[in-house]
file run-v5.txt (compact mmCIF, C-alpha atoms)
# COMPACT_ATOMS: atom_id res chain seq x y z
CA MET A 130 11.52 124.85 -206.80
CA ARG A 131 10.39 127.37 -204.31
CA LEU A 132 10.83 130.09 -206.85
CA GLY A 133 8.19 128.66 -209.20
CA PRO A 134 5.03 129.27 -207.23
CA GLU A 135 6.33 132.58 -206.00
CA THR A 136 6.96 133.91 -209.48
CA ALA A 137 3.71 132.47 -210.67
CA GLU A 138 1.99 134.29 -207.87
CA GLU A 139 3.93 137.39 -208.70
CA ASN A 140 3.02 137.10 -212.34
CA GLU A 141 -0.57 136.62 -211.39
CA GLY A 142 -0.36 139.60 -209.11
CA GLN A 143 1.16 141.68 -211.86
CA ALA A 144 -1.44 140.54 -214.33
CA LEU A 145 -4.14 141.36 -211.82
CA ALA A 146 -2.67 144.78 -211.19
CA SER A 147 -2.34 145.55 -214.89
CA ALA A 148 -5.84 144.29 -215.55
CA ALA A 149 -7.13 146.50 -212.75
CA ALA A 150 -5.17 149.40 -214.18
CA ASN A 151 -6.63 148.72 -217.61
CA ALA A 152 -10.10 148.54 -216.14
CA ASP A 153 -9.56 151.85 -214.40
CA ARG A 154 -8.51 153.30 -217.70
CA VAL A 155 -12.04 152.88 -219.03
CA ASP A 156 -12.74 156.50 -219.77
CA PRO A 157 -16.47 157.27 -219.85
CA ILE A 158 -15.86 160.65 -221.50
CA HIS A 159 -13.67 159.35 -224.30
CA GLN A 160 -16.68 158.41 -226.44
CA PHE A 161 -17.60 162.08 -226.82
CA GLN A 162 -14.26 163.13 -228.28
CA VAL A 163 -14.59 164.93 -231.57
CA THR A 164 -11.83 163.89 -233.96
CA ASN A 165 -10.96 165.25 -237.37
CA LEU A 166 -11.43 162.64 -240.06
CA VAL A 167 -10.55 164.72 -243.11
CA GLU A 168 -8.84 168.08 -242.75
CA PHE A 169 -9.51 170.63 -245.45
CA GLY A 170 -7.19 173.35 -244.20
CA GLN A 171 -7.33 176.43 -242.04
CA ILE A 172 -9.99 179.08 -241.80
CA GLY A 173 -9.14 182.04 -239.62
CA GLY A 174 -6.54 180.09 -237.70
CA SER A 175 -8.81 177.17 -236.81
CA THR A 176 -8.87 173.86 -238.57
CA PHE A 177 -11.72 173.24 -240.95
CA ALA A 178 -12.35 169.52 -240.97
CA PHE A 179 -14.88 166.79 -241.50
CA THR A 180 -15.26 165.37 -237.98
CA ASN A 181 -16.72 162.14 -236.68
CA SER A 182 -19.63 164.23 -235.40
CA ALA A 183 -20.27 165.51 -238.92
CA LEU A 184 -19.96 161.96 -240.24
CA PHE A 185 -22.67 160.71 -237.90
CA MET A 186 -24.90 163.67 -238.69
CA ALA A 187 -24.50 162.82 -242.36
CA ILE A 188 -25.29 159.17 -241.60
CA THR A 189 -28.38 160.24 -239.65
CA VAL A 190 -29.68 162.43 -242.46
CA THR A 191 -28.88 159.82 -245.09
CA LEU A 192 -30.69 157.16 -243.09
CA ILE A 193 -33.79 159.32 -242.69
CA ILE A 194 -33.96 160.39 -246.32
CA GLY A 195 -33.13 156.91 -247.56
CA PHE A 196 -35.75 155.30 -245.34
CA MET A 197 -38.43 157.81 -246.31
CA LEU A 198 -37.72 157.51 -250.02
CA MET A 199 -37.47 153.73 -249.92
CA THR A 200 -40.67 153.20 -247.94
CA THR A 201 -42.81 155.66 -249.86
CA ARG A 202 -41.60 154.61 -253.31
CA GLY A 203 -44.30 151.97 -253.67
CA ARG A 204 -47.07 154.44 -252.76
CA GLY A 205 -49.40 151.57 -251.97
CA LEU A 206 -52.95 152.53 -251.15
CA VAL A 207 -52.75 149.77 -248.61
CA PRO A 208 -49.38 150.47 -247.01
CA GLY A 209 -46.85 147.75 -246.51
CA ARG A 210 -45.15 147.25 -243.19
CA LEU A 211 -42.38 149.80 -243.73
CA GLN A 212 -44.62 152.30 -245.47
CA SER A 213 -47.01 152.20 -242.53
CA VAL A 214 -44.09 152.96 -240.20
CA THR A 215 -43.36 156.09 -242.22
CA GLU A 216 -47.04 157.00 -242.34
CA MET A 217 -47.45 156.51 -238.60
CA PHE A 218 -44.47 158.73 -237.95
CA TYR A 219 -45.88 161.37 -240.28
CA GLU A 220 -49.31 161.24 -238.64
CA PHE A 221 -47.85 161.29 -235.16
CA THR A 222 -45.84 164.43 -235.90
CA ALA A 223 -48.74 166.09 -237.72
CA ASN A 224 -51.14 165.41 -234.84
CA MET A 225 -48.62 166.69 -232.32
CA LEU A 226 -48.14 169.93 -234.23
CA ARG A 227 -51.87 170.39 -234.91
CA GLU A 228 -52.78 169.86 -231.27
CA ALA A 229 -50.14 172.27 -229.99
CA ALA A 230 -50.26 175.04 -232.59
CA GLY A 231 -53.59 174.61 -234.38
CA SER A 232 -54.02 174.01 -238.09
CA GLU A 233 -52.19 177.28 -238.82
CA GLY A 234 -49.13 175.66 -237.32
CA MET A 235 -49.05 173.09 -240.10
CA ARG A 236 -47.02 175.51 -242.21
CA PHE A 237 -44.13 174.60 -239.92
CA PHE A 238 -44.66 170.89 -240.45
CA PRO A 239 -41.57 170.32 -242.64
CA PHE A 240 -39.39 172.01 -240.04
CA VAL A 241 -40.83 170.14 -237.06
CA PHE A 242 -40.77 166.84 -238.93
CA ALA A 243 -37.13 167.30 -239.94
CA LEU A 244 -36.14 168.35 -236.42
CA PHE A 245 -38.01 165.50 -234.75
CA SER A 246 -36.71 162.82 -237.10
CA PHE A 247 -33.15 164.12 -236.94
CA ILE A 248 -33.03 164.12 -233.13
CA LEU A 249 -34.84 160.79 -232.85
CA VAL A 250 -32.61 158.98 -235.31
CA ALA A 251 -29.45 160.60 -233.94
CA ASN A 252 -30.44 159.56 -230.41
CA LEU A 253 -31.23 156.00 -231.45
CA LEU A 254 -28.09 155.67 -233.56
CA SER A 255 -26.04 156.68 -230.55
CA MET A 256 -27.26 153.56 -228.77
CA VAL A 257 -25.30 151.38 -231.18
CA PRO A 258 -21.93 150.49 -229.65
CA TYR A 259 -18.95 152.49 -230.97
CA PHE A 260 -21.28 155.03 -232.57
CA PHE A 261 -20.80 158.71 -231.86
CA THR A 262 -23.48 160.54 -229.87
CA VAL A 263 -24.24 163.63 -231.93
CA THR A 264 -26.88 165.02 -229.56
CA ALA A 265 -24.61 164.77 -226.50
CA HIS A 266 -22.81 167.93 -227.60
CA ILE A 267 -24.29 171.23 -226.55
CA VAL A 268 -23.03 172.81 -229.77
CA ILE A 269 -25.46 170.68 -231.73
CA THR A 270 -28.44 170.94 -229.37
CA GLY A 271 -27.77 174.65 -228.83
CA ALA A 272 -27.71 175.26 -232.57
CA LEU A 273 -31.00 173.39 -232.96
CA ALA A 274 -32.61 175.32 -230.10
CA LEU A 275 -31.37 178.65 -231.48
CA LEU A 276 -32.77 177.70 -234.87
CA VAL A 277 -36.16 177.07 -233.25
CA MET A 278 -36.09 180.34 -231.32
CA SER A 279 -34.95 182.41 -234.28
CA ILE A 280 -37.84 180.99 -236.32
CA VAL A 281 -40.24 181.81 -233.46
CA VAL A 282 -38.95 185.36 -233.07
CA GLY A 283 -38.56 185.97 -236.81
CA TYR A 284 -41.99 184.65 -237.70
CA GLY A 285 -43.59 186.35 -234.69
CA PHE A 286 -42.26 189.77 -235.67
CA ALA A 287 -42.95 189.20 -239.35
CA LYS A 288 -46.55 188.27 -238.70
CA HIS A 289 -47.52 190.48 -235.77
CA GLY A 290 -44.98 193.27 -236.01
CA PHE A 291 -44.46 194.96 -232.68
CA GLY A 292 -47.59 193.21 -231.39
CA PHE A 293 -45.43 190.16 -230.81
CA MET A 294 -44.16 191.96 -227.71
CA LYS A 295 -47.58 191.32 -226.16
CA LEU A 296 -46.19 187.89 -225.45
CA PHE A 297 -44.38 189.44 -222.49
CA VAL A 298 -47.30 191.45 -221.09
CA PRO A 299 -50.12 189.51 -219.48
CA LYS A 300 -53.17 191.73 -219.85
CA ASP A 301 -54.71 191.58 -216.38
CA VAL A 302 -51.59 192.68 -214.51
CA PRO A 303 -51.90 195.85 -212.37
CA GLY A 304 -49.89 198.79 -213.72
CA PRO A 305 -47.12 199.10 -211.13
CA LEU A 306 -46.22 195.44 -211.53
CA VAL A 307 -45.89 195.54 -215.32
CA PRO A 308 -42.15 196.40 -215.57
CA MET A 309 -41.20 193.61 -213.21
CA ILE A 310 -43.49 191.05 -214.84
CA VAL A 311 -42.21 192.01 -218.27
CA ALA A 312 -38.61 191.58 -217.11
CA ILE A 313 -39.37 188.17 -215.63
CA GLU A 314 -41.34 187.04 -218.67
CA PHE A 315 -38.55 188.27 -220.92
CA LEU A 316 -35.93 186.32 -218.98
CA SER A 317 -38.22 183.31 -219.00
CA PHE A 318 -38.47 183.60 -222.78
CA LEU A 319 -34.70 183.91 -223.12
CA SER A 320 -34.21 180.85 -220.96
CA ARG A 321 -36.25 178.69 -223.34
CA PRO A 322 -33.48 177.91 -225.83
CA VAL A 323 -31.11 177.34 -222.91
CA SER A 324 -33.34 174.81 -221.20
CA LEU A 325 -34.29 173.25 -224.54
CA SER A 326 -30.67 172.62 -225.47
CA ILE A 327 -29.44 171.73 -221.98
CA ARG A 328 -32.20 169.17 -221.49
CA LEU A 329 -31.43 167.16 -224.62
CA PHE A 330 -27.67 167.40 -224.28
CA ALA A 331 -27.61 166.60 -220.55
CA ASN A 332 -29.92 163.62 -220.95
CA MET A 333 -27.85 162.06 -223.68
CA LEU A 334 -24.53 162.87 -222.03
CA ALA A 335 -25.56 161.62 -218.59
CA GLY A 336 -27.15 158.48 -219.99
CA HIS A 337 -24.14 157.46 -222.04
CA ILE A 338 -21.72 158.22 -219.22
CA THR A 339 -23.80 156.15 -216.78
CA LEU A 340 -23.81 153.31 -219.27
CA LYS A 341 -20.02 153.45 -219.65
CA VAL A 342 -19.40 153.73 -215.90
CA PHE A 343 -21.45 150.63 -215.15
CA ALA A 344 -19.81 148.77 -218.02
CA GLY A 345 -16.48 149.82 -216.50
CA PHE A 346 -17.54 148.25 -213.18
CA ILE A 347 -17.89 144.91 -214.98
CA LEU A 348 -14.29 145.11 -216.18
CA SER A 349 -12.97 146.30 -212.82
CA LEU A 350 -14.71 143.49 -210.96
CA GLY A 351 -13.71 140.98 -213.62
CA ALA A 352 -10.08 141.67 -212.79
CA PHE A 353 -10.54 140.03 -209.39
CA GLY A 354 -11.10 136.51 -210.70
CA ALA A 355 -14.04 134.23 -210.05
CA VAL A 356 -15.47 136.21 -207.15
CA GLY A 357 -15.23 139.33 -209.25
CA TRP A 358 -17.02 137.69 -212.14
CA ALA A 359 -19.80 136.64 -209.78
CA GLY A 360 -20.02 140.17 -208.49
CA ALA A 361 -19.91 141.58 -212.02
CA VAL A 362 -23.34 140.09 -212.65
CA LEU A 363 -24.89 142.99 -210.76
CA PRO A 364 -23.46 145.83 -212.86
CA PHE A 365 -24.12 143.72 -215.94
CA LEU A 366 -27.82 143.60 -215.05
CA MET A 367 -27.67 147.35 -214.47
CA VAL A 368 -26.14 147.89 -217.91
CA VAL A 369 -28.94 145.88 -219.51
CA ALA A 370 -31.56 147.87 -217.61
CA ILE A 371 -29.91 151.22 -218.35
CA THR A 372 -29.65 150.36 -222.03
CA ALA A 373 -33.41 149.85 -222.12
CA LEU A 374 -33.92 153.08 -220.17
CA GLU A 375 -31.64 154.96 -222.55
CA ILE A 376 -33.62 153.82 -225.56
CA LEU A 377 -36.74 155.11 -223.82
CA VAL A 378 -34.96 158.39 -223.03
CA SER A 379 -33.91 158.69 -226.69
CA PHE A 380 -37.55 158.60 -227.75
CA LEU A 381 -38.70 160.77 -224.88
CA GLN A 382 -36.16 163.54 -225.39
CA ALA A 383 -36.76 163.72 -229.12
CA TYR A 384 -40.48 163.91 -228.38
CA VAL A 385 -40.06 166.57 -225.69
CA PHE A 386 -37.87 168.67 -227.97
CA ALA A 387 -40.43 168.42 -230.75
CA ILE A 388 -43.48 169.12 -228.58
CA LEU A 389 -41.81 172.14 -226.98
CA THR A 390 -40.88 173.40 -230.44
CA CYS A 391 -44.57 173.10 -231.36
CA MET A 392 -45.59 175.06 -228.25
CA TYR A 393 -43.08 177.82 -228.95
CA LEU A 394 -44.27 178.00 -232.55
CA ASN A 395 -47.76 178.35 -231.12
CA ASP A 396 -46.52 181.43 -229.25
CA ALA A 397 -45.24 182.88 -232.50
CA LEU A 398 -48.61 182.26 -234.16
CA HIS A 399 -50.79 183.47 -231.28
CA PRO A 400 -48.89 185.80 -228.95
CA SER A 401 -51.34 186.31 -226.11
CA HIS A 402 -54.03 187.62 -228.54
CA MET B 169 -63.27 149.38 -225.83
CA ALA B 170 -62.08 145.83 -226.26
CA ASP B 171 -64.30 144.33 -223.59
CA ASP B 172 -67.62 145.29 -225.20
CA ARG B 173 -66.71 143.75 -228.54
CA PRO B 174 -67.58 140.13 -227.73
CA GLU B 175 -70.99 141.26 -226.51
CA ARG B 176 -71.64 143.10 -229.75
CA GLU B 177 -70.60 140.06 -231.74
CA ARG B 178 -72.99 137.91 -229.81
CA GLU B 179 -75.73 140.41 -230.55
CA GLU B 180 -74.85 140.33 -234.21
CA LYS B 181 -75.07 136.57 -234.27
CA LYS B 182 -78.46 136.72 -232.65
CA THR B 183 -79.81 139.16 -235.21
CA GLU B 184 -78.25 137.19 -238.04
CA GLY B 185 -80.08 134.12 -236.85
CA GLY B 186 -83.34 136.11 -236.72
CA GLY B 187 -83.44 137.65 -240.21
CA GLY B 188 -81.24 135.87 -242.74
CA SER B 189 -82.96 137.23 -245.89
CA SER B 190 -82.02 140.94 -245.57
CA ALA B 191 -78.37 140.39 -246.47
CA ASP B 192 -77.82 143.86 -247.90
CA ALA B 193 -79.15 145.69 -244.88
CA ASP B 194 -77.12 143.39 -242.72
CA LEU B 195 -73.98 144.13 -244.73
CA THR B 196 -74.38 147.90 -244.51
CA ARG B 197 -75.10 147.62 -240.82
CA ARG B 198 -71.97 145.56 -240.31
CA LEU B 199 -69.93 148.00 -242.39
CA ALA B 200 -71.12 150.87 -240.23
CA GLU B 201 -70.32 148.81 -237.16
CA LEU B 202 -66.83 148.06 -238.46
CA SER B 203 -66.03 151.66 -239.33
CA ARG B 204 -67.28 152.75 -235.91
CA SER B 205 -65.08 150.26 -234.10
CA LEU B 206 -62.12 151.21 -236.31
CA GLU B 207 -62.68 154.85 -235.44
CA GLU B 208 -62.85 153.97 -231.77
CA GLY B 209 -59.67 151.98 -232.02
CA LYS B 210 -57.92 154.82 -233.80
CA ARG B 211 -58.99 157.30 -231.16
CA GLY B 212 -57.84 154.98 -228.41
CA ARG B 213 -54.48 154.55 -230.10
CA GLU B 214 -54.04 158.29 -230.43
CA VAL B 215 -54.83 158.78 -226.77
CA ALA B 216 -52.37 156.05 -225.89
CA GLU B 217 -49.73 157.56 -228.13
CA THR B 218 -50.06 161.08 -226.80
CA SER B 219 -50.34 160.13 -223.15
CA ARG B 220 -47.46 157.70 -223.20
CA PRO B 221 -44.66 160.24 -222.64
CA SER B 222 -46.43 161.88 -219.70
CA SER B 223 -46.87 158.51 -218.05
CA GLY B 224 -43.18 157.85 -218.70
CA THR B 225 -40.46 158.06 -216.15
CA GLY B 226 -40.48 160.50 -213.28
CA TYR B 227 -36.80 160.80 -214.07
CA ALA B 228 -37.62 162.63 -217.30
CA ALA B 229 -40.02 164.98 -215.51
CA ALA B 230 -37.40 165.71 -212.84
CA LEU B 231 -34.74 166.49 -215.44
CA ARG B 232 -37.18 168.72 -217.31
CA LEU B 233 -38.09 170.77 -214.23
CA ALA B 234 -34.47 171.00 -213.12
CA SER B 235 -33.30 172.20 -216.51
CA GLU B 236 -36.09 174.79 -216.66
CA PHE B 237 -35.02 176.26 -213.34
CA VAL B 238 -31.29 176.18 -214.06
CA ALA B 239 -31.86 177.79 -217.46
CA GLY B 240 -33.69 180.72 -215.87
CA VAL B 241 -30.91 181.39 -213.36
CA LEU B 242 -28.18 180.93 -215.98
CA VAL B 243 -29.79 183.39 -218.36
CA GLY B 244 -30.20 185.90 -215.54
CA VAL B 245 -26.55 185.60 -214.57
CA ALA B 246 -25.38 185.84 -218.18
CA LEU B 247 -27.48 188.94 -218.88
CA GLY B 248 -26.47 190.63 -215.62
CA TRP B 249 -22.81 189.90 -216.14
CA GLY B 250 -22.96 191.09 -219.73
CA LEU B 251 -24.66 194.29 -218.64
CA ASP B 252 -21.99 194.87 -216.01
CA GLU B 253 -19.23 194.34 -218.58
CA VAL B 254 -20.81 196.77 -221.01
CA ALA B 255 -22.13 199.45 -218.64
CA GLY B 256 -19.58 199.07 -215.85
CA THR B 257 -22.28 198.83 -213.18
CA SER B 258 -20.64 195.88 -211.43
CA PRO B 259 -21.94 194.22 -209.33
CA TRP B 260 -25.50 195.60 -209.44
CA GLY B 261 -26.46 194.20 -212.82
CA LEU B 262 -25.39 190.72 -211.77
CA ILE B 263 -27.28 190.96 -208.48
CA GLY B 264 -30.44 192.34 -210.03
CA PHE B 265 -30.56 189.98 -212.98
CA LEU B 266 -29.67 186.99 -210.80
CA LEU B 267 -32.77 187.71 -208.73
CA LEU B 268 -34.87 188.25 -211.84
CA GLY B 269 -33.43 185.06 -213.33
CA PHE B 270 -34.37 183.19 -210.18
CA ALA B 271 -37.91 184.47 -210.51
CA ALA B 272 -37.95 183.52 -214.19
CA GLY B 273 -36.68 180.05 -213.27
CA VAL B 274 -39.46 179.59 -210.75
CA LEU B 275 -41.95 180.82 -213.35
CA ASN B 276 -40.51 178.32 -215.84
CA VAL B 277 -40.85 175.46 -213.38
CA LEU B 278 -44.40 176.38 -212.44
CA ARG B 279 -45.30 176.71 -216.10
CA ALA B 280 -43.68 173.39 -216.97
CA ALA B 281 -45.56 171.75 -214.11
CA GLY B 282 -48.79 173.26 -215.41
CA LYS B 283 -49.38 175.42 -212.33
CA VAL B 284 -49.50 178.70 -214.26
CA ALA B 285 -52.19 179.34 -216.81
CA GLU B 286 -50.90 180.04 -220.30
CA PRO B 287 -51.39 183.63 -221.51
CA ASP B 288 -54.36 182.80 -223.75
CA GLU B 289 -55.99 180.69 -221.05
CA ARG B 290 -55.48 183.49 -218.58
CA LEU B 291 -57.50 185.73 -220.85
CA GLY B 292 -60.28 183.19 -220.85
CA LYS B 293 -60.13 182.96 -224.63
CA ALA B 294 -59.99 179.27 -225.39
CA ARG B 295 -58.77 178.85 -228.94
CA ASP B 296 -60.15 176.23 -231.30
CA GLY B 297 -59.27 172.94 -229.71
CA GLY B 298 -56.89 174.63 -227.35
CA PRO B 299 -53.28 173.73 -226.91
CA ALA B 300 -52.71 170.28 -225.50
CA ARG B 301 -50.33 170.03 -222.62
CA HIS B 302 -48.43 166.81 -222.47
CA GLU B 303 -45.93 167.47 -219.79
call {"tool": "encode", "arguments": {"input": "run-v5.txt", "output": "structure tokens"}}
result
Amino acid sequence: MRLGPETAEENEGQALASAAANADRVDPIHQFQVTNLVEFGQIGGSTFAFTNSALFMAITVTLIIGFMLMTTRGRGLVPGRLQSVTEMFYEFTANMLREAAGSEGMRFFPFVFALFSFILVANLLSMVPYFFTVTAHIVITGALALLVMSIVVGYGFAKHGFGFMKLFVPKDVPGPLVPMIVAIEFLSFLSRPVSLSIRLFANMLAGHITLKVFAGFILSLGAFGAVGWAGAVLPFLMVVAITALEILVSFLQAYVFAILTCMYLNDALHPSH
Amino acid sequence: MADDRPEREREEKKTEGGGGSSADADLTRRLAELSRSLEEGKRGREVAETSRPSSGTGYAAALRLASEFVAGVLVGVALGWGLDEVAGTSPWGLIGFLLLGFAAGVLNVLRAAGKVAEPDERLGKARDGGPARHE
């Protein structure tokens, strides 16, 4: 008879320990793991595969194109609800580009619009539970930033020739200082794609990790019974608040990426006159 | 914008009560009024839309400034190290470019914070409209 309660206690203790162990096993980084969904074979010794990252990029692009086509199919003179969403998004991007790069910059509108909508939708999709965060990988954000900078440099040289180099030479600088200023301006220019990609990637990565860590606290505290559940209310509130913040950050980072792209394109169009 | 609307409506009512016969003139006047208020509303919305991110979280601004600075230093280190690897000038390339990268990072931060005039503004040549700074 004495054995009963003891074993029950033991069992409870074991259950508690295993629950705690399980809770500790909540891995906030696991969500960023790239896995191969379909493998096509080997190219140069590395596996060529359709990954979950590629899947979510495809979903993002499909969603954007599908939404745009669906909402603009009616072509109502008086837009419906969804059509006006598309139109507002179009106008917002167009105004942003026109303000930053002038009306000449509108030739880059398709690029900026595609970039903005891709990052925005990818960021927002990543807020859905179990969805992969495409923009939390520096490979993706770095590729996007390099695309922006290669367009800036390519267009700048194509349009202005060697005059594009004036971007690095402020005109009213005294002669002896020019080499140093040019070096600093050049490094500053080179650091643009780095900061552009790091900002987006770090924001998404840090946000999602924070979200997972606080969600993990709920599980860890929940393993300690009623008191734990009472305590778990606090991290739960945090998770709710951080989710809202993350949705804001999703918008904000897509916007910042797009507006900086517009400013850099402005440099390509008007390098220091 | 919204607070002067009731006043205008009251005015309208008063004038309507005064001259009821000139319906056409009244209609055109009201149309002009409506388009003006729509224009005002649109402008207000645009201002709200464009200024929203800057009035967003200080957290975003902090991350932006931090990433600008780190990017400058990182690029300096990468360039210096690369130069050392290629030219065998170790460690002088790293030291020199680290310092330059630091300076570039500070320049980035000041520029992002709007403390450094943009090249075209520095020249005193304001372009049409001028670039809008949101950060």
call {"tool": "atom_distance", "arguments": {"input": "run-v5.txt", "atom1": "atom CA of A:Ile267", "atom2": "atom CA of B:Ser235"}}
result
13.5 Å
call {"tool": "interface_residues", "arguments": {"input": "run-v5.txt", "of": "chain A", "to": "chain B", "cutoff": "9 Å", "atoms": "only C-alpha atoms", "output": "PyMOL selection string"}}
result
chain A and resi 221+224-225+227-231+296+298-301+309+312-325+327-328+331-332+377-378+380-382+384-385+388+392+395+399-402
call {"tool": "write_last_selection", "arguments": {"input": "run-v5.txt", "atoms": "C-alpha atoms", "output": "short mmCIF file (atom, residue, chain, number, x, y, z; two decimals), in the coordinates of the input"}}
result
data_model
loop_
_atom_site.label_atom_id
_atom_site.label_comp_id
_atom_site.auth_asym_id
_atom_site.auth_seq_id
_atom_site.Cartn_x
_atom_site.Cartn_y
_atom_site.Cartn_z
CA PHE A 221 -47.85 161.29 -235.16
CA ASN A 224 -51.14 165.41 -234.84
CA MET A 225 -48.62 166.69 -232.32
CA ARG A 227 -51.87 170.39 -234.91
CA GLU A 228 -52.78 169.86 -231.27
CA ALA A 229 -50.14 172.27 -229.99
CA ALA A 230 -50.26 175.04 -232.59
CA GLY A 231 -53.59 174.61 -234.38
CA LEU A 296 -46.19 187.89 -225.45
CA VAL A 298 -47.30 191.45 -221.09
CA PRO A 299 -50.12 189.51 -219.48
CA LYS A 300 -53.17 191.73 -219.85
CA ASP A 301 -54.71 191.58 -216.38
CA MET A 309 -41.20 193.61 -213.21
CA ALA A 312 -38.61 191.58 -217.11
CA ILE A 313 -39.37 188.17 -215.63
CA GLU A 314 -41.34 187.04 -218.67
CA PHE A 315 -38.55 188.27 -220.92
CA LEU A 316 -35.93 186.32 -218.98
CA SER A 317 -38.22 183.31 -219.00
CA PHE A 318 -38.47 183.60 -222.78
CA LEU A 319 -34.70 183.91 -223.12
CA SER A 320 -34.21 180.85 -220.96
CA ARG A 321 -36.25 178.69 -223.34
CA PRO A 322 -33.48 177.91 -225.83
CA VAL A 323 -31.11 177.34 -222.91
CA SER A 324 -33.34 174.81 -221.20
CA LEU A 325 -34.29 173.25 -224.54
CA ILE A 327 -29.44 171.73 -221.98
CA ARG A 328 -32.20 169.17 -221.49
CA ALA A 331 -27.61 166.60 -220.55
CA ASN A 332 -29.92 163.62 -220.95
CA LEU A 377 -36.74 155.11 -223.82
CA VAL A 378 -34.96 158.39 -223.03
CA PHE A 380 -37.55 158.60 -227.75
CA LEU A 381 -38.70 160.77 -224.88
CA GLN A 382 -36.16 163.54 -225.39
CA TYR A 384 -40.48 163.91 -228.38
CA VAL A 385 -40.06 166.57 -225.69
CA ILE A 388 -43.48 169.12 -228.58
CA MET A 392 -45.59 175.06 -228.25
CA ASN A 395 -47.76 178.35 -231.12
CA HIS A 399 -50.79 183.47 -231.28
CA PRO A 400 -48.89 185.80 -228.95
CA SER A 401 -51.34 186.31 -226.11
CA HIS A 402 -54.03 187.62 -228.54
#
call {"tool": "atom_distance", "arguments": {"input": "run-v5.txt", "atom1": "atom CA of A:Leu276", "atom2": "atom CA of A:Val163"}}
result
22.5 Å
call {"tool": "atom_distance", "arguments": {"input": "run-v5.txt", "atom1": "atom CA of A:Gly203", "atom2": "atom CA of A:Glu216"}}
result
12.7 Å
call {"tool": "residues_around", "arguments": {"input": "run-v5.txt", "residues": "A:Ala223", "least_positions_apart": "5", "cutoff": "9 Å", "atoms": "all atoms listed in the file", "output": "ChimeraX atom specification"}}
result
/A:218,228,235,238,241-242
call {"tool": "closest_residue", "arguments": {"input": "run-v5.txt", "among": "A:Val302, A:Met333, A:Ala287, A:Val282", "to": "A:Ala383", "atoms": "only C-alpha atoms"}}
result
A:Met333
call {"tool": "closest_residue", "arguments": {"input": "run-v5.txt", "among": "A:Phe346, A:Tyr259, A:Trp358, A:Phe240", "to": "A:Cys391", "atoms": "only C-alpha atoms"}}
result
A:Phe240
